[in-house]
Amino acid sequence: MQQADRRRFGAPEGAVPLRFASTSSSAKPSSSSSRLDGRAPEQVRPIFLQTGLVGEASGSAYIETGRTKLICAVYGPKPTPPSAPFNAKARLNVEVKFAPFSSGVRRFTPGKDTESASLSATLQQSLLPSLILEALPKSQIDLFLTILESDGSDADISAGVTAASVALAEAGVQMYGLVVGCCAAFVPSSPLPLLDPTRAEAKTATAFASLACMPALGTITNVGVSGVVSVEQLDETLQKVVQACGQIHGVAKGALEVESA
Amino acid sequence: MFRIVTASTSAYVEPTPSTRPTDAMEDILMEEEFGADGDGTGPSRAQAVGGGRVTGPGEAIADSGKWMRGHGTYVQDEKVLASVAGTLERVNKLVSVRPLRTKYRPEVGDLVIGRIVEVGPRRWKVEAYAAQNAVLMLSSINLPGGVQRRKLESDELQMRTFFQEGDLLVAEVQAFFADGAMSLHTRSLKYGKLKNGTLVTVPPSLIVRLKSHFHSLPFGVDLIIGLNGYIWISKTVAKQIRLDGEEAGFGEESGEGVYSSENEDISPTIRMAITRTSLVISLLAKYCIPISADIITEAYETSIRLVGESPEGLRSLGRLEVGEEVLRALALGRE
């Protein structure tokens with residue numbers, strides 16, 4: 001018999017694993033909508049956004065939209081370690097981590113997967129144009145995004161961009177404007193692209209478009225498109241995504257105002 | 001605390017890439033009707049515009065032709081825009097945005113409290129809640145015994161006898177380096193190493209700027225309120241009186257004692273007073289109440305009135321409901 005792993009807390013004697021009764025899916029597809037949760041194609045999921053949850057951090061934000069749940073913490077600006085070379089601009093270090101329980105299948109080595117590395121790169125790319133890093137020479141800003149529950153990586157990164165920007169703003173980092181993200185999936189079953197797709201919707205998609213923008217300035221900071229889609233349809237979709245970003249910006253700004261007021 | 005967004009209910013004006021959304025946004029200062037303000041009302045009279053209005057990053061605040069941009073703003077397309085989330089402030093023609101939670105932004109002459117993090121060549125690095133560590137040069141400290149002379153190589157070798165890593169000190173901001181780091185000095189009897197007390201940290205924006213930040217509270221507690229949000233609470237030390245009648249501070253007459261890290265005996269009553277003061281300060285900071293010695297004293301006395309002087313009462317002060325009760329009583333007492 002295999003020896004019990006001493007590094008784990010063992011269950012008490014006679015314990016049996018939890019068994020869940022099969023629950024009916026909370027999202028019943030409505031007859032009128034083409035989407036699984038009954039939303040209109042261009043409707044984004046309701047957003048809960050709150051700042052200041054991580055007391056230790058200079059700024060933090062928690063965002064929950066549908067099943068996507070993320071927490072973002074910003075530490076800094078702080079001086080770079082002596083080993084780092086001189087830099088006239090502050091450095092933004094971004095780290096995306098998946099909680100072990102975040103995505104259905106258990107992740108055993110959080111932070112060591114390729115997915116989080118690419119998400120970090122996208123997140124950094126989306127945020128960098130918004131920050132006034134010239135004002136902070138020889139400094140660094142550490143940003144940690146923990147994905148508590150994932151509902152498709154496109155939705156994760158969109159919500160992540162919004163949360164990260166709000167956390168940076170709460171930390172008092174100077175920026176040109178708040179960055180918010182939104183994404184769209186093109187699915188064969190719907191003539192219209194689906195905004196803010198869930199994982200189930202994203203599974204059947206033929207193409208994705210994700211976008212990060214500063215609605216206050218009308219500037220786009222990052223666009224990513226994958227899959228096959230016509231240029232006209234893409235153009236139309238991106239405009240819809242930018243519109244949705246305008247709404248999300250209202251939420252982000254509201255969360256900051258509640259904090260400041 | 002949170003808002004639900006649906007496609008139908010959005011208060012936000014939806015921008016499209018082709019039309020600049022700044023047109024649709026409120027131009028707060030442009031709409032405000034101000035009289036001429038060049039009447040010598042004084043630059044120190046900071047005035048909240050639009051009742052301390054809260055802005056977010058990227059929000060247009062004013063016309064850059066008529067207004068000067070201050071901290072927390074930037075100029076784009078002849079408009080002054082906010083670059084941080086915070087409250088709008090105006091001094092004559094200067095508009096700035098003050099963020100609530102941010103690192104300390106030093107100014108020359110500020111009193112700060114910091115902690116030594118590094119001993120370097122002829123300098124100490126001091127952590128003082130700014131974006132960069134502050135620098136304390138060997139040449140800008142007072143030598144024990146109050147002697148004034150050039151620092152020698154032998155002083156360089158015994159820098160750790162003055163300040164070690166982890167030591168707390170109170171100093172004044174002397175100047176800035178090119179990268180924005182501040183240079184400190186302790187060349188006054190008021191400044192120097194801190195002992196016999198405890199440190200409390202609060203957001204720097206809560207500290208009220210006053211003439212003096214050294215206070216001796218009536219219950220045997222000394223208070224040093226650093227503008228960087230670090231507050232030192234210590235046992236009151238008896239001030240020695242010099243021959244010329246002035247109060248001596250750190251350093252003078254006490255000779256070697258200045259840089260000693262040995263705490264004096266602190267009686268249980270004073271310990272309780274220090275603990276109560278620190279609890280009261282944390283409580284005020286938690287509810288974003290501007291912190292000054294007056295309000296700390298008042299809150300201290302209110303807390304004694306409500307929970308008593310016993311250790312049990314002091315312990316209960318850490319509880320949320322007790323803390324709120326104290327603040328409520330404090331607010332009623334001030335009306």
# chains A, B, ... in the order shown; residues from 1 in each chain; ligands from 1
>>> interface_residues(of="chain A", to="chain B", cutoff="6 Å", atoms="only C-alpha atoms", output="MDAnalysis selection string")
chainID A and resid 43 46:49 77:79 137 171:172 174:178 216 218 243 246 250 260
>>> write_last_selection(atoms="N, CA and C atoms", output="PDB file, in the first residue's frame")
ATOM      1  N   GLN A  43     -24.396  41.728 -25.482  1.00  0.00           N
ATOM      2  CA  GLN A  43     -24.523  42.073 -24.072  1.00  0.00           C
ATOM      3  C   GLN A  43     -23.376  41.446 -23.284  1.00  0.00           C
ATOM      4  N   PRO A  46     -22.915  40.922 -16.239  1.00  0.00           N
ATOM      5  CA  PRO A  46     -22.848  41.921 -15.158  1.00  0.00           C
ATOM      6  C   PRO A  46     -21.489  41.865 -14.480  1.00  0.00           C
ATOM      7  N   ILE A  47     -21.029  43.022 -14.037  1.00  0.00           N
ATOM      8  CA  ILE A  47     -19.689  43.104 -13.463  1.00  0.00           C
ATOM      9  C   ILE A  47     -19.768  43.546 -12.011  1.00  0.00           C
ATOM     10  N   PHE A  48     -19.020  42.863 -11.180  1.00  0.00           N
ATOM     11  CA  PHE A  48     -18.807  43.317  -9.801  1.00  0.00           C
ATOM     12  C   PHE A  48     -17.353  43.703  -9.699  1.00  0.00           C
ATOM     13  N   LEU A  49     -17.086  44.926  -9.289  1.00  0.00           N
ATOM     14  CA  LEU A  49     -15.699  45.390  -9.221  1.00  0.00           C
ATOM     15  C   LEU A  49     -15.515  46.144  -7.917  1.00  0.00           C
ATOM     16  N   PRO A  77       4.823  52.021  -6.731  1.00  0.00           N
ATOM     17  CA  PRO A  77       6.193  51.967  -7.236  1.00  0.00           C
ATOM     18  C   PRO A  77       7.217  51.889  -6.112  1.00  0.00           C
ATOM     19  N   LYS A  78       8.213  51.041  -6.330  1.00  0.00           N
ATOM     20  CA  LYS A  78       9.265  50.902  -5.332  1.00  0.00           C
ATOM     21  C   LYS A  78      10.606  50.881  -6.045  1.00  0.00           C
ATOM     22  N   PRO A  79      11.702  51.127  -5.317  1.00  0.00           N
ATOM     23  CA  PRO A  79      13.002  51.172  -5.988  1.00  0.00           C
ATOM     24  C   PRO A  79      13.385  49.811  -6.562  1.00  0.00           C
ATOM     25  N   PRO A 137      11.534  57.279 -12.501  1.00  0.00           N
ATOM     26  CA  PRO A 137      12.778  56.625 -12.884  1.00  0.00           C
ATOM     27  C   PRO A 137      13.263  55.677 -11.792  1.00  0.00           C
ATOM     28  N   ALA A 171      -3.526  52.439  -6.744  1.00  0.00           N
ATOM     29  CA  ALA A 171      -2.186  52.572  -6.166  1.00  0.00           C
ATOM     30  C   ALA A 171      -1.623  53.967  -6.397  1.00  0.00           C
ATOM     31  N   GLY A 172      -2.329  54.789  -7.163  1.00  0.00           N
ATOM     32  CA  GLY A 172      -1.877  56.150  -7.401  1.00  0.00           C
ATOM     33  C   GLY A 172      -0.825  56.256  -8.487  1.00  0.00           C
ATOM     34  N   GLN A 174       0.461  57.121 -11.994  1.00  0.00           N
ATOM     35  CA  GLN A 174      -0.065  58.081 -12.964  1.00  0.00           C
ATOM     36  C   GLN A 174      -0.338  57.388 -14.297  1.00  0.00           C
ATOM     37  N   MET A 175      -1.474  57.697 -14.869  1.00  0.00           N
ATOM     38  CA  MET A 175      -1.811  57.073 -16.145  1.00  0.00           C
ATOM     39  C   MET A 175      -2.604  58.046 -17.008  1.00  0.00           C
ATOM     40  N   TYR A 176      -2.574  57.787 -18.326  1.00  0.00           N
ATOM     41  CA  TYR A 176      -3.322  58.650 -19.241  1.00  0.00           C
ATOM     42  C   TYR A 176      -4.817  58.390 -19.117  1.00  0.00           C
ATOM     43  N   GLY A 177      -5.170  57.153 -18.877  1.00  0.00           N
ATOM     44  CA  GLY A 177      -6.573  56.814 -18.726  1.00  0.00           C
ATOM     45  C   GLY A 177      -6.718  55.383 -18.276  1.00  0.00           C
ATOM     46  N   LEU A 178      -7.905  55.048 -17.800  1.00  0.00           N
ATOM     47  CA  LEU A 178      -8.155  53.666 -17.392  1.00  0.00           C
ATOM     48  C   LEU A 178      -8.253  52.764 -18.629  1.00  0.00           C
ATOM     49  N   ALA A 216     -11.724  56.798 -22.157  1.00  0.00           N
ATOM     50  CA  ALA A 216     -11.679  58.228 -21.835  1.00  0.00           C
ATOM     51  C   ALA A 216     -10.963  59.011 -22.921  1.00  0.00           C
ATOM     52  N   GLY A 218     -10.455  57.506 -26.086  1.00  0.00           N
ATOM     53  CA  GLY A 218     -10.797  56.925 -27.380  1.00  0.00           C
ATOM     54  C   GLY A 218      -9.600  56.275 -28.050  1.00  0.00           C
ATOM     55  N   GLN A 243     -17.687  49.856 -27.923  1.00  0.00           N
ATOM     56  CA  GLN A 243     -18.877  50.384 -27.242  1.00  0.00           C
ATOM     57  C   GLN A 243     -19.067  49.721 -25.891  1.00  0.00           C
ATOM     58  N   GLY A 246     -16.868  51.051 -23.354  1.00  0.00           N
ATOM     59  CA  GLY A 246     -17.352  52.305 -22.784  1.00  0.00           C
ATOM     60  C   GLY A 246     -18.202  52.051 -21.555  1.00  0.00           C
ATOM     61  N   GLY A 250     -17.372  52.809 -17.357  1.00  0.00           N
ATOM     62  CA  GLY A 250     -18.237  53.432 -16.355  1.00  0.00           C
ATOM     63  C   GLY A 250     -18.178  52.682 -15.034  1.00  0.00           C
ATOM     64  N   SER A 260     -12.642  56.660  -3.558  1.00  0.00           N
ATOM     65  CA  SER A 260     -12.082  57.980  -3.244  1.00  0.00           C
ATOM     66  C   SER A 260     -13.042  58.847  -2.446  1.00  0.00           C
TER      67      SER A 260
END
>>> select_by_dssp(residues="range 107-306 of chain B", states="helix (DSSP H, G or I)", output="ChimeraX atom specification")
/B:138-140,144-146,153-157,159-162,204-206,255-259,268-286,293-306
>>> residues_around(residues="Arg305 in chain B", least_positions_apart="5", cutoff="12 Å", atoms="only C-alpha atoms", output="list in words")
Glu298, Ala299, Tyr300, Ser310, Gly313, Leu314, Leu317, Glu325, Val326, Ala329, Leu330 and Gly333 of chain B
>>> residues_around(residues="range 156-161 of chain B", least_positions_apart="4", cutoff="12 Å", atoms="only C-alpha atoms", output="NGL selection string")
:B and (116-124 or 136-139 or 141 or 143-144 or 150-152 or 165-167 or 193 or 256-261)
>>> write_last_selection(atoms="N, CA, C and O atoms", output="tab-separated table (two decimals), in the first residue's frame")
chain	number	residue	atom	x	y	z
B	116	ILE	N	16.14	52.71	8.32
B	116	ILE	CA	17.37	52.43	7.57
B	116	ILE	C	17.25	51.05	6.93
B	116	ILE	O	16.95	50.07	7.62
B	117	VAL	N	17.48	50.98	5.63
B	117	VAL	CA	17.44	49.68	4.97
B	117	VAL	C	18.82	49.26	4.48
B	117	VAL	O	19.03	48.09	4.18
B	118	GLU	N	19.73	50.20	4.36
B	118	GLU	CA	21.01	49.86	3.76
B	118	GLU	C	22.06	50.85	4.27
B	118	GLU	O	21.79	52.04	4.39
B	119	VAL	N	23.26	50.33	4.57
B	119	VAL	CA	24.37	51.22	4.91
B	119	VAL	C	25.32	51.18	3.73
B	119	VAL	O	25.80	50.12	3.34
B	120	GLY	N	25.56	52.33	3.12
B	120	GLY	CA	26.38	52.37	1.91
B	120	GLY	C	27.60	53.25	2.12
B	120	GLY	O	27.87	53.68	3.24
B	121	PRO	N	28.33	53.54	1.04
B	121	PRO	CA	29.49	54.40	1.17
B	121	PRO	C	29.07	55.84	1.52
B	121	PRO	O	28.41	56.50	0.71
B	122	ARG	N	29.41	56.28	2.69
B	122	ARG	CA	29.11	57.63	3.19
B	122	ARG	C	27.61	57.96	3.18
B	122	ARG	O	27.23	59.12	3.19
B	123	ARG	N	26.78	56.97	3.10
B	123	ARG	CA	25.34	57.28	3.09
B	123	ARG	C	24.53	56.09	3.60
B	123	ARG	O	24.97	54.96	3.58
B	124	TRP	N	23.34	56.42	4.07
B	124	TRP	CA	22.37	55.39	4.44
B	124	TRP	C	21.20	55.48	3.47
B	124	TRP	O	20.85	56.57	3.02
B	136	LEU	N	20.37	59.37	3.30
B	136	LEU	CA	20.86	60.19	4.40
B	136	LEU	C	22.38	60.16	4.31
B	136	LEU	O	23.00	59.11	4.49
B	137	MET	N	22.99	61.29	3.98
B	137	MET	CA	24.44	61.34	3.82
B	137	MET	C	25.10	61.41	5.20
B	137	MET	O	24.53	61.97	6.13
B	138	LEU	N	26.28	60.86	5.26
B	138	LEU	CA	27.03	60.93	6.52
B	138	LEU	C	27.27	62.38	6.91
B	138	LEU	O	27.29	62.75	8.09
B	139	SER	N	27.45	63.24	5.88
B	139	SER	CA	27.74	64.65	6.17
B	139	SER	C	26.51	65.39	6.66
B	139	SER	O	26.63	66.53	7.12
B	141	ILE	N	24.43	64.36	9.14
B	141	ILE	CA	23.99	64.01	10.49
B	141	ILE	C	24.83	64.77	11.51
B	141	ILE	O	25.91	65.26	11.19
B	143	LEU	N	27.11	64.71	14.84
B	143	LEU	CA	27.92	63.75	15.57
B	143	LEU	C	27.54	63.78	17.04
B	143	LEU	O	27.06	64.80	17.53
B	144	PRO	N	27.72	62.65	17.73
B	144	PRO	CA	27.37	62.64	19.15
B	144	PRO	C	28.17	63.69	19.92
B	144	PRO	O	29.32	63.96	19.61
B	150	ARG	N	34.25	68.30	10.04
B	150	ARG	CA	34.16	67.47	8.83
B	150	ARG	C	34.20	66.01	9.24
B	150	ARG	O	34.87	65.62	10.18
B	151	LYS	N	33.46	65.18	8.48
B	151	LYS	CA	33.48	63.75	8.79
B	151	LYS	C	34.74	63.13	8.22
B	151	LYS	O	35.11	63.38	7.07
B	152	LEU	N	35.41	62.35	9.05
B	152	LEU	CA	36.68	61.75	8.66
B	152	LEU	C	36.46	60.31	8.19
B	152	LEU	O	35.36	59.77	8.27
B	165	GLU	N	21.04	49.01	10.08
B	165	GLU	CA	19.87	48.57	9.33
B	165	GLU	C	18.74	48.29	10.31
B	165	GLU	O	18.95	47.63	11.33
B	166	GLY	N	17.56	48.79	10.00
B	166	GLY	CA	16.40	48.55	10.86
B	166	GLY	C	16.13	49.67	11.85
B	166	GLY	O	15.06	49.72	12.44
B	167	ASP	N	17.08	50.58	12.02
B	167	ASP	CA	16.86	51.69	12.95
B	167	ASP	C	15.84	52.65	12.38
B	167	ASP	O	15.76	52.87	11.18
B	193	LYS	N	17.72	59.50	16.01
B	193	LYS	CA	17.24	58.12	16.16
B	193	LYS	C	16.03	58.08	17.08
B	193	LYS	O	15.92	58.88	18.00
B	256	GLU	N	26.85	60.64	24.36
B	256	GLU	CA	26.86	59.37	23.63
B	256	GLU	C	25.46	58.80	23.46
B	256	GLU	O	25.23	57.95	22.63
B	257	GLY	N	24.54	59.27	24.27
B	257	GLY	CA	23.20	58.67	24.29
B	257	GLY	C	22.40	58.79	23.01
B	257	GLY	O	21.46	58.03	22.78
B	258	VAL	N	22.76	59.74	22.14
B	258	VAL	CA	21.94	60.02	20.96
B	258	VAL	C	21.74	58.81	20.07
B	258	VAL	O	20.65	58.52	19.62
B	259	TYR	N	22.85	58.12	19.80
B	259	TYR	CA	22.76	57.04	18.84
B	259	TYR	C	22.63	55.69	19.52
B	259	TYR	O	22.78	54.66	18.89
B	260	SER	N	22.31	55.69	20.81
B	260	SER	CA	22.14	54.40	21.47
B	260	SER	C	20.77	53.84	21.13
B	260	SER	O	19.80	54.58	20.94
B	261	SER	N	20.69	52.53	21.03
B	261	SER	CA	19.41	51.91	20.71
B	261	SER	C	18.76	51.31	21.94
B	261	SER	O	17.79	50.57	21.83
>>> closest_residue(among="B:Asn196, B:Leu332, B:Pro311, B:Thr186", to="Glu262 in chain B", atoms="only C-alpha atoms")
B:Asn196
>>> residues_around(residues="range 221-231 of chain A", least_positions_apart="2", cutoff="6 Å", atoms="only C-alpha atoms", output="tab-separated table (two decimals) with all heavy atoms, in the first residue's frame")
chain	number	residue	atom	x	y	z
A	126	SER	N	-1.20	45.49	-22.94
A	126	SER	CA	-2.42	46.28	-22.89
A	126	SER	C	-2.28	47.46	-21.94
A	126	SER	O	-2.88	48.51	-22.15
A	126	SER	CB	-3.59	45.42	-22.41
A	126	SER	OG	-3.68	44.25	-23.17
A	206	THR	N	-15.10	30.03	-34.11
A	206	THR	CA	-14.15	29.88	-35.22
A	206	THR	C	-13.10	30.99	-35.17
A	206	THR	O	-12.05	30.86	-35.77
A	206	THR	CB	-14.88	29.97	-36.57
A	206	THR	OG1	-15.65	31.18	-36.58
A	206	THR	CG2	-15.81	28.79	-36.76
A	207	ALA	N	-13.43	32.08	-34.48
A	207	ALA	CA	-12.46	33.18	-34.38
A	207	ALA	C	-12.73	33.97	-33.10
A	207	ALA	O	-13.84	33.98	-32.58
A	207	ALA	CB	-12.56	34.11	-35.59
A	208	PHE	N	-11.66	34.63	-32.61
A	208	PHE	CA	-11.77	35.47	-31.42
A	208	PHE	C	-11.21	36.85	-31.73
A	208	PHE	O	-10.26	36.97	-32.51
A	208	PHE	CB	-10.90	34.92	-30.29
A	208	PHE	CG	-11.43	33.70	-29.66
A	208	PHE	CD1	-10.83	32.48	-29.89
A	208	PHE	CD2	-12.52	33.76	-28.82
A	208	PHE	CE1	-11.32	31.34	-29.30
A	208	PHE	CE2	-13.00	32.64	-28.22
A	208	PHE	CZ	-12.40	31.42	-28.46
A	209	ALA	N	-11.78	37.84	-31.10
A	209	ALA	CA	-11.15	39.15	-31.14
A	209	ALA	C	-11.17	39.69	-29.72
A	209	ALA	O	-12.21	39.70	-29.07
A	209	ALA	CB	-11.92	40.08	-32.06
A	210	SER	N	-10.02	40.11	-29.22
A	210	SER	CA	-10.01	40.74	-27.89
A	210	SER	C	-9.37	42.11	-28.02
A	210	SER	O	-8.48	42.30	-28.85
A	210	SER	CB	-9.27	39.87	-26.87
A	210	SER	OG	-7.92	39.81	-27.19
A	211	LEU	N	-9.85	43.03	-27.22
A	211	LEU	CA	-9.44	44.41	-27.39
A	211	LEU	C	-9.31	45.08	-26.02
A	211	LEU	O	-10.09	44.82	-25.12
A	211	LEU	CB	-10.50	45.13	-28.24
A	211	LEU	CG	-10.33	46.60	-28.55
A	211	LEU	CD1	-10.73	46.85	-29.99
A	211	LEU	CD2	-11.17	47.45	-27.64
A	212	ALA	N	-8.28	45.91	-25.88
A	212	ALA	CA	-8.14	46.72	-24.67
A	212	ALA	C	-8.06	48.17	-25.12
A	212	ALA	O	-7.37	48.48	-26.08
A	212	ALA	CB	-6.87	46.33	-23.92
A	213	CYS	N	-8.80	49.03	-24.45
A	213	CYS	CA	-8.79	50.43	-24.89
A	213	CYS	C	-8.96	51.37	-23.70
A	213	CYS	O	-9.33	50.96	-22.61
A	213	CYS	CB	-9.88	50.69	-25.92
A	213	CYS	SG	-11.52	50.50	-25.28
A	233	GLN	N	-16.55	42.04	-41.13
A	233	GLN	CA	-17.18	41.56	-39.91
A	233	GLN	C	-16.33	41.93	-38.69
A	233	GLN	O	-16.85	42.31	-37.65
A	233	GLN	CB	-17.36	40.05	-39.99
A	233	GLN	CG	-18.48	39.57	-39.09
A	233	GLN	CD	-18.63	38.06	-39.09
A	233	GLN	OE1	-17.88	37.34	-39.75
A	233	GLN	NE2	-19.60	37.59	-38.35
A	234	LEU	N	-15.03	41.83	-38.87
A	234	LEU	CA	-14.12	42.16	-37.76
A	234	LEU	C	-14.25	43.63	-37.38
A	234	LEU	O	-14.36	43.98	-36.20
A	234	LEU	CB	-12.68	41.84	-38.17
A	234	LEU	CG	-11.63	42.12	-37.11
A	234	LEU	CD1	-11.82	41.19	-35.92
A	234	LEU	CD2	-10.23	41.94	-37.66
>>> residues_around(residues="Pro106 in chain B", least_positions_apart="4", cutoff="12 Å", atoms="only C-alpha atoms", output="compact mmCIF listing (two decimals) with N, CA, C and O atoms, in the first residue's frame")
# COMPACT_ATOMS: atom_id res chain seq x y z
N THR B 102 -1.67 56.73 -2.15
CA THR B 102 -0.51 56.73 -3.02
C THR B 102 0.73 56.80 -2.15
O THR B 102 0.66 57.02 -0.95
N ASP B 110 9.88 68.94 4.60
CA ASP B 110 8.95 68.03 5.26
C ASP B 110 9.65 67.24 6.36
O ASP B 110 10.81 66.87 6.23
N LEU B 111 8.89 66.96 7.38
CA LEU B 111 9.39 66.09 8.44
C LEU B 111 8.98 64.65 8.11
O LEU B 111 7.80 64.39 7.89
N VAL B 112 9.94 63.77 8.05
CA VAL B 112 9.61 62.38 7.74
C VAL B 112 10.22 61.45 8.77
O VAL B 112 11.21 61.78 9.41
N ILE B 113 9.59 60.29 8.89
CA ILE B 113 10.13 59.23 9.72
C ILE B 113 10.48 58.09 8.79
O ILE B 113 9.71 57.78 7.87
N ALA B 128 11.12 55.42 3.40
CA ALA B 128 10.22 56.42 3.98
C ALA B 128 8.91 56.49 3.20
O ALA B 128 8.31 57.55 3.05
N TYR B 129 8.46 55.35 2.67
CA TYR B 129 7.18 55.24 1.95
C TYR B 129 7.11 56.16 0.73
O TYR B 129 6.07 56.66 0.36
N ALA B 130 8.25 56.43 0.11
CA ALA B 130 8.25 57.17 -1.15
C ALA B 130 8.55 56.17 -2.27
O ALA B 130 8.90 55.01 -2.00
N ALA B 131 8.44 56.62 -3.52
CA ALA B 131 8.69 55.72 -4.64
C ALA B 131 10.15 55.26 -4.65
O ALA B 131 10.45 54.14 -5.06
N GLN B 132 11.04 56.13 -4.22
CA GLN B 132 12.45 55.77 -4.13
C GLN B 132 12.89 55.83 -2.67
O GLN B 132 12.37 56.63 -1.91
N ASN B 133 13.88 55.01 -2.32
CA ASN B 133 14.42 55.11 -0.98
C ASN B 133 15.11 56.45 -0.80
O ASN B 133 15.77 56.95 -1.71
N ALA B 134 14.96 57.02 0.39
CA ALA B 134 15.62 58.29 0.67
C ALA B 134 17.09 58.04 1.01
O ALA B 134 17.47 56.91 1.33
N GLU B 172 14.52 65.56 8.27
CA GLU B 172 13.86 66.56 7.43
C GLU B 172 14.32 66.37 5.99
O GLU B 172 15.49 66.01 5.77
N VAL B 173 13.43 66.61 5.04
CA VAL B 173 13.82 66.50 3.63
C VAL B 173 14.65 67.73 3.28
O VAL B 173 14.22 68.86 3.43
N GLN B 174 15.86 67.49 2.78
CA GLN B 174 16.79 68.57 2.52
C GLN B 174 16.79 68.98 1.06
O GLN B 174 16.77 70.15 0.72
N ALA B 175 16.83 67.98 0.17
CA ALA B 175 16.92 68.26 -1.26
C ALA B 175 16.49 67.02 -2.02
O ALA B 175 16.14 66.00 -1.41
N PHE B 176 16.51 67.12 -3.32
CA PHE B 176 16.15 65.97 -4.16
C PHE B 176 17.29 65.61 -5.08
O PHE B 176 18.05 66.47 -5.51
N PHE B 177 17.38 64.34 -5.44
CA PHE B 177 18.30 63.91 -6.48
C PHE B 177 17.56 63.92 -7.81
O PHE B 177 16.35 64.10 -7.85
N GLY B 180 14.46 61.84 -8.30
CA GLY B 180 13.31 62.06 -7.44
C GLY B 180 13.48 61.53 -6.04
O GLY B 180 12.61 61.70 -5.21
N ALA B 181 14.61 60.85 -5.77
CA ALA B 181 14.85 60.38 -4.41
C ALA B 181 15.16 61.58 -3.53
O ALA B 181 15.75 62.55 -3.99
N MET B 182 14.75 61.50 -2.26
CA MET B 182 14.99 62.66 -1.40
C MET B 182 16.26 62.47 -0.58
O MET B 182 16.64 61.36 -0.25
N SER B 183 16.87 63.58 -0.29
CA SER B 183 18.04 63.58 0.58
C SER B 183 17.59 64.12 1.93
O SER B 183 16.95 65.16 2.00
N LEU B 184 17.94 63.41 2.99
CA LEU B 184 17.48 63.80 4.32
C LEU B 184 18.60 64.44 5.12
O LEU B 184 19.77 64.29 4.78
N PRO B 204 -0.29 58.63 3.73
CA PRO B 204 0.27 59.98 3.87
C PRO B 204 -0.74 61.09 3.61
O PRO B 204 -0.60 62.18 4.14
N SER B 205 -1.76 60.80 2.79
CA SER B 205 -2.71 61.86 2.46
C SER B 205 -3.55 62.27 3.67
O SER B 205 -4.21 63.31 3.64
N GLY B 226 5.11 62.09 11.13
CA GLY B 226 5.85 62.27 9.89
C GLY B 226 4.88 62.54 8.75
O GLY B 226 3.80 61.95 8.70
N LEU B 227 5.27 63.40 7.83
CA LEU B 227 4.38 63.71 6.71
C LEU B 227 4.27 62.55 5.73
O LEU B 227 3.44 62.57 4.84
N ASN B 228 5.15 61.56 5.87
CA ASN B 228 5.05 60.40 5.00
C ASN B 228 4.10 59.35 5.57
O ASN B 228 4.05 58.23 5.08
N GLY B 229 3.35 59.70 6.59
CA GLY B 229 2.36 58.78 7.12
C GLY B 229 2.89 57.87 8.20
O GLY B 229 2.17 57.01 8.68
>>> residues_around(residues="range 60-71 of chain A", least_positions_apart="2", cutoff="8 Å", atoms="only C-alpha atoms", output="PyMOL selection string")
chain A and resi 45-54+57-58+73-74+145-151+155-156+159-160+163-164+166-168+170-171
>>> atom_distance(atom1="CA of Pro41 in chain A", atom2="CA of Glu201 in chain A")
11.1 Å
>>> closest_residue(among="B:Ile281, B:Ile231, B:Val108, B:Ile61", to="Val95 in chain B", atoms="only C-alpha atoms")
B:Ile61
>>> atom_distance(atom1="CA of Ser154 in chain B", atom2="CA of Pro81 in chain A")
28.8 Å
>>> select_by_dssp(residues="range 194-290 of chain B", states="strand (DSSP E)", output="JSON, numbers by chain")
{"B": [197, 198, 199, 200, 201, 214, 215, 216, 217, 221, 222, 223, 224, 225, 230, 231, 232, 233, 234, 235]}
>>> atom_distance(atom1="CA of Leu136 in chain A", atom2="CA of Gly114 in chain B")
20.3 Å
